[in-house]
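Colleague: Dropping in target-v1.cif, which is mmCIF, C-alpha atoms:
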data_protein
loop_
_atom_site.label_atom_id
_atom_site.label_comp_id
_atom_site.auth_asym_id
_atom_site.auth_seq_id
_atom_site.Cartn_x
_atom_site.Cartn_y
_atom_site.Cartn_z
CA MET Q 380 155.65 97.33 165.22
CA THR Q 381 159.15 95.89 164.84
CA ARG Q 382 162.04 98.03 166.08
CA ASN Q 383 164.72 95.82 164.55
CA SER Q 384 166.16 98.16 161.89
CA LEU Q 385 167.65 95.43 159.71
CA LEU Q 386 164.44 93.39 159.87
CA SER Q 387 162.51 96.54 158.90
CA PHE Q 388 164.80 97.03 155.92
CA TYR Q 389 164.33 93.48 154.64
CA LEU Q 390 160.57 93.61 155.12
CA ILE Q 391 160.40 96.83 153.10
CA ILE Q 392 162.61 95.41 150.33
CA ILE Q 393 160.69 92.12 150.07
CA THR Q 394 157.30 93.82 149.85
CA GLN Q 395 158.59 96.53 147.48
CA THR Q 396 159.99 93.80 145.22
CA LEU Q 397 156.62 92.06 145.29
CA SER Q 398 154.97 95.35 144.37
CA LEU Q 399 157.44 95.82 141.50
CA VAL Q 400 156.59 92.35 140.17
CA GLY Q 401 152.92 93.32 140.27
CA SER Q 402 153.58 96.57 138.40
CA GLN Q 403 155.64 94.79 135.74
CA MET Q 404 152.83 92.25 135.35
CA THR Q 405 150.38 95.09 134.68
CA THR Q 406 152.76 96.62 132.14
CA PHE Q 407 153.13 93.28 130.36
CA GLY Q 408 149.38 92.57 130.47
CA LEU Q 409 148.60 96.06 129.15
CA GLY Q 410 151.06 95.51 126.33
CA ILE Q 411 149.27 92.33 125.26
CA TRP Q 412 145.79 93.85 125.68
CA LEU Q 413 146.51 97.16 123.91
CA PHE Q 414 148.25 95.52 120.97
CA THR Q 415 145.48 92.95 120.45
CA GLN Q 416 142.81 95.65 120.78
CA THR Q 417 144.42 98.43 118.73
CA GLY Q 418 147.40 96.94 116.89
CA ARG Q 419 149.44 99.94 118.07
CA ALA Q 420 152.64 100.05 120.12
CA ALA Q 421 152.84 103.86 120.48
CA PRO Q 422 150.48 104.07 123.52
CA LEU Q 423 152.88 101.97 125.62
CA LEU Q 424 155.82 104.17 124.65
CA LEU Q 425 153.84 107.28 125.59
CA THR Q 426 152.81 105.62 128.85
CA ALA Q 427 156.48 105.17 129.74
CA PHE Q 428 157.06 108.84 128.83
CA PHE Q 429 154.25 110.09 131.12
CA ASN Q 430 155.47 107.80 133.90
CA GLU Q 431 158.95 109.36 133.85
CA LEU Q 432 157.82 112.94 133.19
CA PRO Q 433 157.16 113.94 136.86
CA GLY Q 434 160.67 112.88 137.90
CA VAL Q 435 162.18 114.79 134.99
CA LEU Q 436 160.21 117.96 135.75
CA PHE Q 437 160.06 118.02 139.54
CA GLY Q 438 162.76 115.64 140.83
CA SER Q 439 164.93 118.15 142.66
CA PHE Q 440 161.89 119.93 144.19
CA ILE Q 441 160.57 116.58 145.40
CA GLY Q 442 163.88 116.07 147.20
CA VAL Q 443 163.18 119.12 149.38
CA LEU Q 444 159.91 117.56 150.53
CA ILE Q 445 161.59 114.21 151.23
CA ASP Q 446 164.03 115.93 153.59
CA ARG Q 447 161.26 117.99 155.26
CA TRP Q 448 158.73 115.21 155.84
CA ASP Q 449 158.86 111.99 157.84
CA ARG Q 450 160.26 109.32 155.55
CA LYS Q 451 157.93 106.62 156.80
CA VAL Q 452 154.97 108.81 155.82
CA ILE Q 453 156.54 109.43 152.42
CA LEU Q 454 156.98 105.71 151.73
CA ILE Q 455 153.37 105.02 152.78
CA LEU Q 456 152.03 107.84 150.59
CA ALA Q 457 154.21 106.74 147.65
CA ASP Q 458 152.77 103.23 147.66
CA ALA Q 459 149.24 104.40 148.43
CA GLY Q 460 149.36 106.96 145.61
CA GLN Q 461 150.50 104.37 143.11
CA ALA Q 462 147.80 102.02 144.39
CA LEU Q 463 145.23 104.75 143.71
CA GLY Q 464 146.40 104.93 140.10
CA THR Q 465 146.10 101.15 139.79
CA LEU Q 466 142.59 101.27 141.28
CA ILE Q 467 141.53 103.87 138.67
CA LEU Q 468 142.95 101.69 135.92
CA LEU Q 469 141.19 98.60 137.29
CA TRP Q 470 137.87 100.46 137.43
CA SER Q 471 138.20 101.67 133.84
CA VAL Q 472 139.00 98.20 132.49
CA ALA Q 473 136.48 96.28 134.62
CA THR Q 474 133.61 98.66 133.71
CA ASN Q 475 134.56 98.94 130.01
CA ASN Q 476 135.24 102.66 130.41
CA PHE Q 477 138.91 102.42 129.49
CA GLN Q 478 140.32 105.16 127.30
CA ILE Q 479 143.91 105.87 126.35
CA TRP Q 480 143.93 109.21 128.16
CA ILE Q 481 143.09 107.41 131.42
CA LEU Q 482 146.19 105.24 130.97
CA PHE Q 483 148.33 108.35 130.45
CA ALA Q 484 146.80 110.08 133.48
CA VAL Q 485 147.41 107.00 135.65
CA ALA Q 486 151.01 106.81 134.40
CA PHE Q 487 151.57 110.46 135.39
CA ILE Q 488 149.99 109.94 138.84
CA GLN Q 489 152.05 106.83 139.52
CA GLY Q 490 155.20 108.48 138.16
CA THR Q 491 154.70 111.39 140.56
CA PHE Q 492 154.52 109.12 143.60
CA ALA Q 493 157.37 106.93 142.29
CA ALA Q 494 159.55 110.06 142.10
CA PHE Q 495 159.12 110.33 145.88
CA GLN Q 496 159.58 106.62 146.53
CA ASN Q 497 163.02 105.75 145.19
CA PRO Q 498 165.05 108.67 146.67
CA ALA Q 499 163.18 108.28 149.97
CA LYS Q 500 163.92 104.54 150.03
CA ASP Q 501 167.65 105.10 149.43
CA ALA Q 502 167.75 107.80 152.13
CA THR Q 503 165.84 105.53 154.52
CA THR Q 504 168.39 102.75 154.02
CA THR Q 505 170.97 105.04 155.65
CA LEU Q 506 168.80 105.15 158.78
CA LEU Q 507 168.10 101.40 158.89
CA VAL Q 508 171.38 99.74 157.86
CA LYS Q 509 174.83 100.16 159.40
CA GLU Q 510 177.62 101.43 157.15
CA ASP Q 511 179.51 98.12 157.01
CA GLN Q 512 176.37 96.33 155.76
CA ARG Q 513 175.10 98.88 153.24
CA ASP Q 514 176.91 97.55 150.18
CA ARG Q 515 175.21 94.18 150.56
CA ALA Q 516 171.91 95.86 151.43
CA ASN Q 517 172.05 98.05 148.33
CA GLY Q 518 173.04 95.02 146.28
CA ILE Q 519 169.95 93.18 147.50
CA GLN Q 520 167.85 96.14 146.37
CA GLN Q 521 169.39 95.83 142.91
CA VAL Q 522 168.07 92.25 142.68
CA ALA Q 523 164.49 93.51 142.55
CA PHE Q 524 164.35 94.85 138.99
CA PRO Q 525 165.93 91.91 137.11
CA LEU Q 526 163.97 89.49 139.28
CA ALA Q 527 160.76 91.27 138.33
CA GLY Q 528 161.90 91.28 134.70
CA VAL Q 529 162.17 87.48 134.77
CA MET Q 530 159.08 86.69 136.89
CA ALA Q 531 156.51 89.22 135.66
CA PRO Q 532 156.19 88.12 131.99
CA VAL Q 533 155.89 84.47 133.03
CA LEU Q 534 153.25 85.16 135.70
CA ALA Q 535 151.34 87.71 133.62
CA GLY Q 536 151.37 85.50 130.53
CA GLY Q 537 149.87 82.62 132.48
CA LEU Q 538 147.32 84.72 134.39
CA TYR Q 539 146.19 86.67 131.32
CA VAL Q 540 144.59 83.55 129.85
CA TRP Q 541 142.66 82.82 133.07
CA VAL Q 542 141.72 86.20 134.56
CA GLY Q 543 142.36 88.70 131.79
CA LEU Q 544 143.79 92.20 132.15
CA ALA Q 545 141.44 93.16 135.01
CA GLY Q 546 142.62 90.17 137.06
CA ILE Q 547 146.28 91.06 136.54
CA ILE Q 548 145.65 94.68 137.58
CA ALA Q 549 143.81 93.41 140.68
CA VAL Q 550 146.90 91.36 141.61
CA ASP Q 551 149.02 94.50 141.17
CA LEU Q 552 146.67 96.41 143.49
CA ILE Q 553 146.99 93.70 146.16
CA THR Q 554 150.81 93.91 146.02
CA PHE Q 555 150.61 97.69 146.60
CA ILE Q 556 148.36 97.16 149.62
CA ILE Q 557 150.82 94.61 151.05
CA ALA Q 558 153.66 97.14 150.60
CA VAL Q 559 151.67 99.86 152.40
CA VAL Q 560 150.90 97.54 155.32
CA ALA Q 561 154.57 96.52 155.58
CA VAL Q 562 155.82 100.12 155.79
CA THR Q 563 153.08 100.92 158.31
CA ILE Q 564 154.19 98.22 160.78
CA VAL Q 565 157.99 98.65 160.56
CA TYR Q 566 160.08 101.05 162.61
CA ILE Q 567 161.95 103.77 160.71
CA PRO Q 568 164.12 106.12 162.80
CA PRO Q 569 163.32 109.82 162.41
CA THR Q 570 165.49 111.91 160.13
CA PRO Q 571 168.08 113.92 162.12
CA ALA Q 572 166.78 117.37 162.96
CA ARG Q 573 167.89 120.37 160.94
CA ALA Q 574 167.19 124.08 160.92
CA SER Q 575 163.87 124.90 159.28
CA ARG Q 576 164.32 127.17 156.28
CA HIS Q 577 162.21 128.32 153.36
CA PRO Q 578 161.74 125.52 150.78
CA ALA Q 579 163.37 127.67 148.10
CA GLN Q 580 166.45 128.08 150.29
CA GLU Q 581 166.60 124.36 150.95
CA PHE Q 582 166.30 123.70 147.23
CA LEU Q 583 169.28 125.98 146.57
CA ASP Q 584 171.18 124.50 149.52
CA SER Q 585 171.40 121.12 147.77
CA PHE Q 586 173.15 122.67 144.77
CA ARG Q 587 175.44 124.73 147.01
CA TYR Q 588 176.27 121.54 148.88
CA LEU Q 589 177.28 119.72 145.69
CA ASN Q 590 179.23 122.73 144.45
CA SER Q 591 181.21 122.76 147.70
CA ARG Q 592 182.04 119.06 147.28
CA ARG Q 593 183.31 118.99 143.73
CA PRO Q 594 184.50 115.32 143.73
CA LEU Q 595 180.94 114.24 144.54
CA LEU Q 596 179.56 116.55 141.86
CA TYR Q 597 182.00 115.21 139.25
CA PHE Q 598 181.07 111.64 140.19
CA ILE Q 599 177.36 112.39 139.71
CA VAL Q 600 178.08 113.94 136.30
CA TYR Q 601 180.09 110.84 135.34
CA LEU Q 602 177.30 108.48 136.42
CA THR Q 603 174.74 110.59 134.53
CA LEU Q 604 176.84 110.28 131.38
CA ILE Q 605 177.05 106.50 131.87
CA HIS Q 606 173.24 106.32 132.15
CA PHE Q 607 172.99 108.32 128.93
CA LEU Q 608 175.38 105.99 127.12
CA LEU Q 609 173.68 102.79 128.30
CA ASN Q 610 169.95 103.27 127.94
CA GLY Q 611 169.46 104.04 124.25
CA PRO Q 612 171.81 101.38 122.83
CA LEU Q 613 170.49 98.68 125.18
CA GLY Q 614 166.97 99.72 124.16
CA LEU Q 615 167.83 98.49 120.64
CA SER Q 616 168.49 94.95 121.88
CA ILE Q 617 165.25 93.37 120.63
CA PRO Q 618 165.49 94.55 116.99
CA TYR Q 619 169.24 93.89 116.99
CA LEU Q 620 168.91 90.34 118.30
CA ILE Q 621 166.01 89.54 115.97
CA SER Q 622 167.97 90.84 112.98
CA ILE Q 623 170.86 88.49 113.85
CA THR Q 624 169.04 85.36 115.02
CA ARG Q 625 165.93 85.66 112.79
CA ASN Q 626 164.14 83.87 115.62
CA GLU Q 627 161.76 85.50 118.11
CA ALA Q 628 162.02 82.60 120.58
CA ILE Q 629 165.82 82.81 120.72
CA THR Q 630 165.57 86.59 121.07
CA GLY Q 631 163.28 86.12 124.07
CA GLN Q 632 165.77 83.72 125.63
CA LEU Q 633 168.62 86.18 125.07
CA MET Q 634 166.60 88.97 126.71
CA GLY Q 635 166.19 86.60 129.65
CA VAL Q 636 169.98 86.17 129.71
CA MET Q 637 170.27 89.98 129.87
CA SER Q 638 168.09 90.06 132.99
CA GLY Q 639 170.08 87.10 134.30
CA GLY Q 640 173.33 89.08 134.00
CA ALA Q 641 171.87 91.96 136.02
CA PHE Q 642 170.55 89.48 138.58
CA ALA Q 643 173.98 87.81 138.84
CA GLY Q 644 175.69 91.18 139.35
CA ALA Q 645 173.25 92.14 142.09
CA MET Q 646 173.72 88.80 143.85
CA LEU Q 647 177.51 89.08 143.49
CA ILE Q 648 177.69 92.45 145.21
CA SER Q 649 175.21 91.27 147.88
CA ILE Q 650 177.53 88.39 148.77
CA TRP Q 651 180.95 89.91 148.05
CA GLY Q 652 180.52 93.56 149.06
CA GLY Q 653 183.12 94.94 146.63
CA THR Q 654 186.57 96.41 147.18
CA ARG Q 655 187.68 99.29 149.39
CA PRO Q 656 187.73 101.91 148.13
CA ARG Q 657 184.53 101.12 146.24
CA MET Q 658 185.53 103.31 143.31
CA HIS Q 659 187.93 100.65 142.00
CA THR Q 660 185.11 98.11 141.72
CA ILE Q 661 182.84 100.66 140.00
CA LEU Q 662 185.36 101.90 137.43
CA ILE Q 663 186.93 98.52 136.61
CA GLY Q 664 183.43 97.06 136.25
CA LEU Q 665 182.43 99.75 133.77
CA LEU Q 666 185.62 99.18 131.76
CA ILE Q 667 184.48 95.56 131.49
CA THR Q 668 181.02 96.71 130.36
CA GLY Q 669 182.60 98.93 127.70
CA ALA Q 670 184.70 96.03 126.39
CA ALA Q 671 181.63 93.74 126.42
CA PHE Q 672 179.86 96.17 124.07
CA PHE Q 673 182.52 95.36 121.46
CA MET Q 674 181.93 91.63 121.94
CA TYR Q 675 178.17 92.17 121.72
CA ALA Q 676 178.56 94.14 118.48
CA VAL Q 677 180.59 91.45 116.66
CA ALA Q 678 178.95 88.28 118.07
CA ARG Q 679 176.90 86.39 115.48
CA THR Q 680 175.86 83.19 117.25
CA PRO Q 681 173.32 82.84 120.08
CA LEU Q 682 176.03 81.46 122.38
CA TRP Q 683 178.39 84.42 121.99
CA LEU Q 684 175.54 86.92 122.04
CA ALA Q 685 174.45 85.40 125.36
CA VAL Q 686 177.99 85.46 126.79
CA SER Q 687 178.61 89.07 125.76
CA ILE Q 688 175.31 90.48 126.99
CA PHE Q 689 175.56 88.54 130.26
CA ILE Q 690 179.07 89.97 130.95
CA LEU Q 691 177.92 93.44 129.86
CA MET Q 692 175.10 93.52 132.42
CA ILE Q 693 176.93 92.15 135.49
CA PRO Q 694 178.75 95.41 136.47
CA LEU Q 695 175.65 97.64 136.21
CA PRO Q 696 173.82 96.68 139.44
CA ILE Q 697 177.23 96.66 141.15
CA MET Q 698 177.77 100.26 140.01
CA ASN Q 699 174.31 101.26 141.25
CA ALA Q 700 174.70 99.56 144.64
CA LEU Q 701 178.18 100.89 145.42
CA SER Q 702 177.52 104.43 144.18
CA THR Q 703 174.43 104.52 146.42
CA SER Q 704 176.59 103.37 149.34
CA ILE Q 705 179.05 106.19 148.66
CA PHE Q 706 176.25 108.77 148.67
CA GLN Q 707 174.82 107.33 151.88
CA LEU Q 708 178.25 107.55 153.53
CA LYS Q 709 179.29 111.01 152.36
CA ILE Q 710 176.00 112.94 152.40
CA PRO Q 711 174.31 113.89 155.71
CA PRO Q 712 171.00 112.02 156.19
CA ASN Q 713 169.01 115.27 156.34
CA MET Q 714 170.40 116.22 152.89
CA GLN Q 715 170.12 112.83 151.19
CA GLY Q 716 166.55 113.23 149.94
CA ARG Q 717 167.56 116.29 147.93
CA VAL Q 718 170.80 114.88 146.53
CA PHE Q 719 169.27 111.50 145.64
CA SER Q 720 166.40 113.34 143.91
CA ILE Q 721 168.79 115.53 141.91
CA PHE Q 722 170.70 112.43 140.80
CA SER Q 723 167.43 110.67 139.93
CA GLN Q 724 166.27 113.66 137.92
CA LEU Q 725 169.56 113.82 135.99
CA SER Q 726 169.45 110.07 135.34
CA LEU Q 727 165.89 110.30 133.97
CA LEU Q 728 166.89 113.21 131.73
CA ALA Q 729 169.87 111.19 130.52
CA SER Q 730 167.85 108.04 129.82
CA THR Q 731 164.98 109.79 128.00
CA SER Q 732 167.36 111.85 125.83
CA SER Q 733 169.40 108.72 125.14
CA PHE Q 734 166.29 106.90 123.90
CA LEU Q 735 165.38 109.88 121.70
CA ILE Q 736 168.84 110.39 120.18
CA THR Q 737 169.36 106.67 119.60
CA ALA Q 738 165.94 106.39 117.93
CA ILE Q 739 166.78 109.32 115.64
CA LEU Q 740 170.13 107.72 114.75
CA ALA Q 741 168.47 104.40 114.06
CA GLU Q 742 165.88 106.03 111.78
CA THR Q 743 168.07 108.55 109.94
CA THR Q 744 171.85 108.36 110.10
CA LEU Q 745 171.94 104.57 110.04
CA GLU Q 746 169.08 104.01 107.59
CA SER Q 747 171.46 103.53 104.68
CA ALA Q 748 173.11 100.60 106.48
CA THR Q 749 171.52 97.27 107.26
CA GLN Q 750 169.82 97.12 110.63
CA THR Q 751 172.41 94.71 112.00
CA SER Q 752 175.46 96.71 110.92
CA GLY Q 753 173.87 100.04 111.87
CA ILE Q 754 173.00 99.02 115.42
CA GLY Q 755 176.31 97.18 115.67
CA MET Q 756 178.10 100.45 114.94
CA VAL Q 757 176.10 102.19 117.69
CA LEU Q 758 177.19 99.46 120.12
CA ILE Q 759 180.87 99.79 119.14
CA VAL Q 760 180.82 103.58 119.51
CA THR Q 761 179.02 103.24 122.86
CA GLY Q 762 181.64 100.79 124.16
CA ALA Q 763 184.48 103.05 123.02
CA ILE Q 764 183.00 106.13 124.72
CA ILE Q 765 182.34 104.22 127.97
CA ILE Q 766 185.95 103.03 128.04
CA PHE Q 767 187.23 106.54 127.26
CA VAL Q 768 185.18 108.44 129.89
CA THR Q 769 185.85 105.74 132.50
CA GLY Q 770 189.57 106.01 131.74
CA VAL Q 771 189.33 109.77 132.23
CA ALA Q 772 187.49 109.21 135.53
CA TYR Q 773 190.18 106.75 136.66
CA THR Q 774 192.97 109.22 135.93
CA SER Q 775 191.07 111.97 137.79
CA SER Q 776 192.17 111.95 141.40
CA SER Q 777 189.00 113.85 142.35
CA ILE Q 778 186.84 110.88 141.34
CA ARG Q 779 189.23 107.99 141.96
CA ARG Q 780 190.10 109.19 145.48
CA LEU Q 781 186.65 110.57 146.31
CA GLU Q 782 186.13 108.26 149.29
CA LYS Q 783 189.44 109.39 150.84
CA VAL Q 784 189.23 113.07 149.90
CA LEU Q 785 185.70 113.69 151.20
CA PRO Q 786 185.00 113.11 154.90
CA ASP Q 787 182.13 110.87 155.95
CA TYR Q 788 179.10 112.87 157.04
#
With the file now loaded, output its structure as structure tokens.
Modeller:
Amino acid sequence: MTRNSLLSFYLIIITQTLSLVGSQMTTFGLGIWLFTQTGRAAPLLLTAFFNELPGVLFGSFIGVLIDRWDRKVILILADAGQALGTLILLWSVATNNFQIWILFAVAFIQGTFAAFQNPAKDATTTLLVKEDQRDRANGIQQVAFPLAGVMAPVLAGGLYVWVGLAGIIAVDLITFIIAVVAVTIVYIPPTPARASRHPAQEFLDSFRYLNSRRPLLYFIVYLTLIHFLLNGPLGLSIPYLISITRNEAITGQLMGVMSGGAFAGAMLISIWGGTRPRMHTILIGLLITGAAFFMYAVARTPLWLAVSIFILMIPLPIMNALSTSIFQLKIPPNMQGRVFSIFSQLSLLASTSSFLITAILAETTLESATQTSGIGMVLIVTGAIIIFVTGVAYTSSSIRRLEKVLPDY
């Protein structure tokens, strides 16, 4: 077992990223397999719904358990639980017993364990990484998702021809096992001791804590609103880009550019580390994202679409990394599981409702317009609201001066 905290952190992140690539490969392979078998896209959408449902329903309660239990055990159980779901899926496909309800059940099981994993991982980073290195560490964590978004379709597309869906799921299972082994051998310091109270009291304590630190509460509300504004409109990217370019291949390349922008932002914050206070980097970055929505809405050539969507995505991993660093600095470690889980729950509620409302707008309010102009209007309105609410946040001393007003834990 290694007792080098920074080495432990990097080993966890590398193996978790590998596991994420495996999971994205399974998602991509399932998409190909289900569509060729059934000709339906709805099962994949419902799978995503069942995967997020546990976090939406139980997120803040899960946070109580994260703060009560050993975080190393939580990370092991989170990966092992998701591996169990993958094993069930592999069995059903390999033995020709696959049914749609099994996919939904597996998605719910894996979503439950994932709801433990992400808040626990962020809270564990506080224990493993010193404060002056956390911005870069959180930035490195932000690299994982866009990297998986670029690698997984390429790897899954190639493997699908040779080993089929069962082979891809088997690879995913192996990546989960590697992640479990990595967490097992690393050293994670114990969470600082706290008074043992009834779980219901500890659940309420997290809300009392946020209510007593209003700048932190306002910042969480602001970030939740940003998540709401981003997810639905960006979810329209594929139909929007196809309607402009009339070319599926170019659309695929532009979606790759989108992942490239997120990857560039994550690498930038990993190397640079941002400003002090961090809030200036976050808010100025989101003003840039808001302005890029306007460019994205009016661009009509592949070049300018690529430029606009690349610029739009760069600030987002920076926002995620630096806001996580602020939480890790201001919230006591024995409270972080609960607060991170509350924020995760709010973000999931925001993203799912954003998808729903945007879908309704696309199907009803905008149906009289052409697809291009209708979605373009959604993008313009989104950019305007992001700029407005970020301007309000910048003029609010509670949010802008949060790092100075609130003491470190």
Colleague: Which of these residues is nearest to Met714 (chain Q), using all atoms listed in the file: Q:Thr503, Q:Ser585, Q:Thr660, Q:Ser777?
Modeller: Q:Ser585
Colleague: May I ask for the distance between CA of Gln707 (chain Q) and CA of Ser720 (chain Q), given in Å to one decimal place?
Modeller: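 That distance, rounded to one decimal, is 13.1 Å.
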Colleague: Once the PyMOL selection byres ((chain Q and resi 477-494) around 7) is applied to the coordinates I shared, what remains selected? I want it as a PDB file with C-alpha atoms, in the coordinates of the input.
Modeller:
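Saved result, out.pdb, follows:
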ATOM      1  CA  THR Q 426     152.810 105.620 128.850  1.00  0.00           C
ATOM      2  CA  PHE Q 429     154.250 110.090 131.120  1.00  0.00           C
ATOM      3  CA  ASN Q 430     155.470 107.800 133.900  1.00  0.00           C
ATOM      4  CA  GLU Q 431     158.950 109.360 133.850  1.00  0.00           C
ATOM      5  CA  PRO Q 433     157.160 113.940 136.860  1.00  0.00           C
ATOM      6  CA  GLY Q 434     160.670 112.880 137.900  1.00  0.00           C
ATOM      7  CA  GLY Q 438     162.760 115.640 140.830  1.00  0.00           C
ATOM      8  CA  ALA Q 457     154.210 106.740 147.650  1.00  0.00           C
ATOM      9  CA  GLY Q 460     149.360 106.960 145.610  1.00  0.00           C
ATOM     10  CA  GLN Q 461     150.500 104.370 143.110  1.00  0.00           C
ATOM     11  CA  GLY Q 464     146.400 104.930 140.100  1.00  0.00           C
ATOM     12  CA  LEU Q 468     142.950 101.690 135.920  1.00  0.00           C
ATOM     13  CA  SER Q 471     138.200 101.670 133.840  1.00  0.00           C
ATOM     14  CA  VAL Q 472     139.000  98.200 132.490  1.00  0.00           C
ATOM     15  CA  ASN Q 475     134.560  98.940 130.010  1.00  0.00           C
ATOM     16  CA  ASN Q 476     135.240 102.660 130.410  1.00  0.00           C
ATOM     17  CA  PHE Q 495     159.120 110.330 145.880  1.00  0.00           C
ATOM     18  CA  GLN Q 496     159.580 106.620 146.530  1.00  0.00           C
ATOM     19  CA  ASN Q 497     163.020 105.750 145.190  1.00  0.00           C
TER      20      ASN Q 497
END
Colleague: Expanded to explicit residues, what is the PyMOL selection byres ((chain Q and resi 616) around 12) for this file, as number ranges by chain?
Modeller: Q: 609-615, 617-624, 630-631, 633-637, 672, 675-676, 684-685, 688, 737, 750-751, 754-755, 757-758
Colleague: Excluding Gly716 (chain Q) and any residue of its chain fewer than 4 positions from it, enumerate the residues within 12 Å of it, using only C-alpha atoms, and give them as a ChimeraX atom specification.
Modeller: /Q:438-450,453,494-505,570,581-582,585,706-707,710-712,720-723
Colleague: Find the spatial neighbours of Ala772 (chain Q), counting all atoms listed in the file, within a cut-off of 12 Å - ignore same-chain residues fewer than 3 positions away - and output them as number ranges by chain.
Modeller: Q: 594, 597-602, 604-605, 658-659, 661-663, 665-666, 765-769, 775-781
Colleague: What residues come out when you apply the PyMOL selection byres ((chain Q and resi 762) around 8) to this file, written as a ChimeraX atom specification?
Modeller: /Q:668-673,758-761,763-766
Colleague: Would you compute the distance between CA of Ala459 (chain Q) and CA of Asn517 (chain Q)? Give it in Å to one decimal.
Modeller: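 One can read the CA of Ala459 (chain Q) to CA of Asn517 (chain Q) distance as 23.7 Å.
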Colleague: Rounded to one decimal, what separation in Å do you get between CA of Lys451 (chain Q) and CA of Asp514 (chain Q)?
Modeller: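 So the two atoms, CA of Lys451 (chain Q) and CA of Asp514 (chain Q), lie 22.1 Å apart.
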Colleague: With a distance cut-off of 7 Å and only C-alpha atoms, select the neighbouring residues of Ile648 (chain Q), excluding the residue or stretch itself and same-chain residues fewer than 5 positions from it, and output the selection as a PyMOL selection string.
Modeller: chain Q and resi 515+518+653+697
Colleague: Any idea what's packed within 8 Å of region 395-412 of chain Q, counting all atoms listed in the file, ignoring anything in its chain fewer than 5 positions away? Could you give it as number ranges by chain?
Modeller: Q: 420, 423, 523-524, 526-528, 530-532, 534-536, 539, 544, 547-548, 550-552, 554-555, 557-558
